[in-house]
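*Asks:* Mind looking over this structure? Questions follow.
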Amino acid sequence: MKLIGGLAVVAVVCLALSPAAAGLVGQDDQEVQAVANPILETVLTGFNNGNYAVYSKYFDDTLKDAITEKKFLQVRADILKKIGKYQSRTYLGFLQQAKTSVVLWKGRFSVADDDVLIKLVLSQRGDKVQVLGLWFQ
């Protein structure tokens, strides 16, 4: 698997986070999907529309600092050339790692012939669920 465009920076951000500040978003598939699906839908709507405010709505501050609006627009242009716009997804499951929930979907995009793995890393922080990482592989 390879990372698409400049989203590799997200991996560095996730590795630098302190797991002590994080919490899981659910204990089973139903709980995780109830939290993760609306967040991913918002992120992908922002991606498809080129709307950084919508795309980054649930990002934690570290991720927002790493993926600025300028970086988002640059990376988005590269991703659109390689895999196109998001079209659909199928939930695959989740992992619990370092007090975070890593949620996985099989995605379909308008240009890619192959399936794309969508990986979203979420954490409960106080009363908010935040995105700590996002990959299209």
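Residues are referred to by chain and number: the chain letter is A, B, ... according to the order shown in the structure tokens, the number counts from 1 in that chain, and ligands are numbered separately from 1 in the order shown.
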Skipping near chain neighbours, those fewer than 6 positions away, what residues fall within 8 Å of stretch 92-102 of chain A using only C-alpha atoms, listed as JSON, numbers by chain?

*Replies:* {"A": [19, 20, 22, 23, 24, 25, 26, 29, 32, 119, 120, 121, 122, 123, 124]}

*Asks:* Write out as an MDAnalysis selection string the set of residues from chain A that DSSP, computed on the backbone, places in alpha helix (DSSP H).

*Replies:* chainID A and resid 8:16 29:49 52:55 61:66 69:82

*Asks:* Just C-alpha atoms for this one: save the residues we selected as a PDB file, in the first residue's frame.

*Replies:*
```pdb
ATOM      1  CA  ALA A   8       2.073  11.059   4.768  1.00  0.00           C
ATOM      2  CA  VAL A   9       2.415  14.066   7.066  1.00  0.00           C
ATOM      3  CA  VAL A  10      -0.645  12.805   8.935  1.00  0.00           C
ATOM      4  CA  ALA A  11       1.243   9.676   9.996  1.00  0.00           C
ATOM      5  CA  VAL A  12       3.927  11.775  11.652  1.00  0.00           C
ATOM      6  CA  VAL A  13       1.285  13.785  13.481  1.00  0.00           C
ATOM      7  CA  CYS A  14      -0.402  10.659  14.854  1.00  0.00           C
ATOM      8  CA  LEU A  15       2.859   9.173  16.056  1.00  0.00           C
ATOM      9  CA  ALA A  16       3.711  12.348  17.939  1.00  0.00           C
ATOM     10  CA  ASP A  29     -18.671  -2.056  15.625  1.00  0.00           C
ATOM     11  CA  GLN A  30     -22.084  -0.506  16.205  1.00  0.00           C
ATOM     12  CA  GLU A  31     -20.796   2.095  18.681  1.00  0.00           C
ATOM     13  CA  VAL A  32     -17.744   2.954  16.573  1.00  0.00           C
ATOM     14  CA  GLN A  33     -19.757   3.292  13.360  1.00  0.00           C
ATOM     15  CA  ALA A  34     -22.330   5.524  15.084  1.00  0.00           C
ATOM     16  CA  VAL A  35     -19.529   7.962  15.905  1.00  0.00           C
ATOM     17  CA  ALA A  36     -17.197   7.501  12.931  1.00  0.00           C
ATOM     18  CA  ASN A  37     -19.606   7.478   9.968  1.00  0.00           C
ATOM     19  CA  PRO A  38     -20.955  11.039  10.390  1.00  0.00           C
ATOM     20  CA  ILE A  39     -17.432  12.370  11.002  1.00  0.00           C
ATOM     21  CA  LEU A  40     -16.031  10.658   7.904  1.00  0.00           C
ATOM     22  CA  GLU A  41     -19.010  11.842   5.842  1.00  0.00           C
ATOM     23  CA  THR A  42     -18.232  15.433   6.864  1.00  0.00           C
ATOM     24  CA  VAL A  43     -14.525  15.022   6.070  1.00  0.00           C
ATOM     25  CA  LEU A  44     -15.230  13.479   2.653  1.00  0.00           C
ATOM     26  CA  THR A  45     -17.852  16.114   1.792  1.00  0.00           C
ATOM     27  CA  GLY A  46     -15.277  18.796   2.553  1.00  0.00           C
ATOM     28  CA  PHE A  47     -12.715  16.926   0.463  1.00  0.00           C
ATOM     29  CA  ASN A  48     -15.020  16.536  -2.543  1.00  0.00           C
ATOM     30  CA  ASN A  49     -16.116  20.192  -2.403  1.00  0.00           C
ATOM     31  CA  TYR A  52     -11.240  23.189   4.149  1.00  0.00           C
ATOM     32  CA  ALA A  53     -13.530  24.372   6.965  1.00  0.00           C
ATOM     33  CA  VAL A  54     -15.817  21.360   6.480  1.00  0.00           C
ATOM     34  CA  TYR A  55     -12.915  18.958   5.798  1.00  0.00           C
ATOM     35  CA  ASP A  61      -5.224  21.242  16.733  1.00  0.00           C
ATOM     36  CA  THR A  62      -2.094  19.239  15.904  1.00  0.00           C
ATOM     37  CA  LEU A  63      -3.622  17.914  12.696  1.00  0.00           C
ATOM     38  CA  LYS A  64      -4.951  21.365  11.740  1.00  0.00           C
ATOM     39  CA  ASP A  65      -1.431  22.759  12.207  1.00  0.00           C
ATOM     40  CA  ALA A  66       0.032  19.994  10.025  1.00  0.00           C
ATOM     41  CA  GLU A  69      -5.732  25.126   4.133  1.00  0.00           C
ATOM     42  CA  LYS A  70      -2.916  25.716   1.653  1.00  0.00           C
ATOM     43  CA  LYS A  71      -1.543  22.189   2.199  1.00  0.00           C
ATOM     44  CA  PHE A  72      -5.055  20.723   1.930  1.00  0.00           C
ATOM     45  CA  LEU A  73      -5.633  22.358  -1.453  1.00  0.00           C
ATOM     46  CA  GLN A  74      -2.245  21.161  -2.757  1.00  0.00           C
ATOM     47  CA  VAL A  75      -2.718  17.588  -1.524  1.00  0.00           C
ATOM     48  CA  ARG A  76      -6.339  17.506  -2.693  1.00  0.00           C
ATOM     49  CA  ALA A  77      -5.310  18.442  -6.236  1.00  0.00           C
ATOM     50  CA  ASP A  78      -2.795  15.574  -6.250  1.00  0.00           C
ATOM     51  CA  ILE A  79      -5.318  13.095  -4.828  1.00  0.00           C
ATOM     52  CA  LEU A  80      -7.973  14.141  -7.358  1.00  0.00           C
ATOM     53  CA  LYS A  81      -5.528  13.371 -10.192  1.00  0.00           C
ATOM     54  CA  LYS A  82      -4.637   9.960  -8.769  1.00  0.00           C
TER      55      LYS A  82
END
```

*Asks:* So how far away is atom CA of A:Ile67 from atom CA of A:Leu134, in Å?

*Replies:* 10.7 Å

*Asks:* Using DSSP secondary structure from the backbone, list all strand (DSSP E or B) positions within stretch 17-133 of chain A, as an NGL selection string.

*Replies:* :A and (59 or 86-97 or 100-109 or 116-125 or 128-133)

*Asks:* How many Å lie between atom CA of A:Gln130 and atom CA of A:Tyr86, rounded to one decimal?

*Replies:*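 Taking atom CA of A:Gln130 as the start and atom CA of A:Tyr86 as the end point, the length is 21.2 Å.
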
*Asks:* What is the distance between atom CA of A:Arg108 and atom CA of A:Asn51, in Å to one decimal?

*Replies:*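 Computing it gives 20.1 Å between the two atoms.
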
*Asks:* Set the distance at 12 Å and use only C-alpha atoms: which residues neighbour stretch 115-117 of chain A once local chain neighbours fewer than 6 positions away are removed? I'd like the list as a short mmCIF file (atom, residue, chain, number, x, y, z; two decimals) with N, CA and C atoms, in the first residue's frame.

*Replies:*
```
data_model
loop_
_atom_site.label_atom_id
_atom_site.label_comp_id
_atom_site.auth_asym_id
_atom_site.auth_seq_id
_atom_site.Cartn_x
_atom_site.Cartn_y
_atom_site.Cartn_z
N MET A 1 0.84 -1.18 0.00
CA MET A 1 0.00 0.00 0.00
C MET A 1 0.88 1.24 0.00
N LYS A 2 0.42 2.27 -0.70
CA LYS A 2 1.18 3.51 -0.69
C LYS A 2 0.26 4.66 -0.31
N LEU A 3 0.85 5.66 0.29
CA LEU A 3 0.08 6.84 0.66
C LEU A 3 -0.09 7.71 -0.58
N ILE A 4 -1.22 8.34 -0.68
CA ILE A 4 -1.53 9.19 -1.80
C ILE A 4 -1.13 10.62 -1.47
N ILE A 79 -4.45 14.26 -5.06
CA ILE A 79 -5.32 13.09 -4.83
C ILE A 79 -6.39 13.01 -5.92
N LYS A 82 -4.98 11.37 -8.93
CA LYS A 82 -4.64 9.96 -8.77
C LYS A 82 -5.84 9.05 -8.54
N ILE A 83 -6.77 9.47 -7.68
CA ILE A 83 -7.90 8.59 -7.38
C ILE A 83 -9.26 9.24 -7.62
N GLY A 84 -9.30 10.55 -7.78
CA GLY A 84 -10.56 11.24 -8.07
C GLY A 84 -11.34 11.59 -6.81
N LYS A 85 -12.61 11.90 -7.01
CA LYS A 85 -13.50 12.26 -5.91
C LYS A 85 -14.07 11.01 -5.25
N TYR A 86 -14.34 11.15 -3.97
CA TYR A 86 -14.96 10.08 -3.21
C TYR A 86 -16.35 9.79 -3.74
N GLN A 87 -16.69 8.49 -3.84
CA GLN A 87 -18.02 8.09 -4.29
C GLN A 87 -18.79 7.26 -3.26
N SER A 88 -18.14 6.26 -2.68
CA SER A 88 -18.85 5.39 -1.74
C SER A 88 -17.85 4.66 -0.85
N ARG A 89 -18.39 4.01 0.19
CA ARG A 89 -17.51 3.27 1.10
C ARG A 89 -18.27 2.10 1.73
N THR A 90 -17.49 1.12 2.18
CA THR A 90 -18.00 -0.03 2.91
C THR A 90 -17.18 -0.16 4.18
N TYR A 91 -17.85 -0.22 5.31
CA TYR A 91 -17.18 -0.34 6.60
C TYR A 91 -16.49 -1.70 6.70
N LEU A 92 -15.22 -1.70 7.14
CA LEU A 92 -14.46 -2.93 7.30
C LEU A 92 -14.29 -3.34 8.76
N GLY A 93 -14.14 -2.36 9.64
CA GLY A 93 -13.92 -2.68 11.05
C GLY A 93 -13.10 -1.60 11.72
N VAL A 103 -10.38 3.42 12.44
CA VAL A 103 -11.56 2.92 11.74
C VAL A 103 -11.22 2.79 10.25
N LEU A 104 -11.64 1.65 9.67
CA LEU A 104 -11.26 1.32 8.29
C LEU A 104 -12.48 1.12 7.40
N TRP A 105 -12.39 1.66 6.19
CA TRP A 105 -13.41 1.47 5.17
C TRP A 105 -12.75 1.13 3.85
N LYS A 106 -13.44 0.40 3.01
CA LYS A 106 -13.05 0.20 1.62
C LYS A 106 -13.79 1.28 0.84
N GLY A 107 -13.04 2.13 0.15
CA GLY A 107 -13.65 3.25 -0.55
C GLY A 107 -13.56 3.12 -2.06
N ARG A 108 -14.51 3.76 -2.71
CA ARG A 108 -14.48 3.87 -4.18
C ARG A 108 -14.38 5.35 -4.52
N PHE A 109 -13.48 5.63 -5.46
CA PHE A 109 -13.23 6.99 -5.92
C PHE A 109 -13.40 7.02 -7.43
N LEU A 134 -5.80 10.72 9.07
CA LEU A 134 -6.61 10.33 7.93
C LEU A 134 -5.68 9.89 6.81
N TRP A 135 -5.97 8.72 6.26
CA TRP A 135 -5.18 8.21 5.14
C TRP A 135 -6.10 7.69 4.05
N PHE A 136 -5.69 7.87 2.80
CA PHE A 136 -6.27 7.19 1.65
C PHE A 136 -5.13 6.34 1.09
N GLN A 137 -5.26 5.03 1.16
CA GLN A 137 -4.19 4.14 0.69
C GLN A 137 -4.69 3.24 -0.41
#
```

*Asks:* Given the choices A:Ile118, A:Ser110, A:Thr68, A:Asp60, which gets closest to A:Leu132 if the distance is worked out from only C-alpha atoms?

*Replies:*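 Selected residue with least distance to A:Leu132: A:Asp60.
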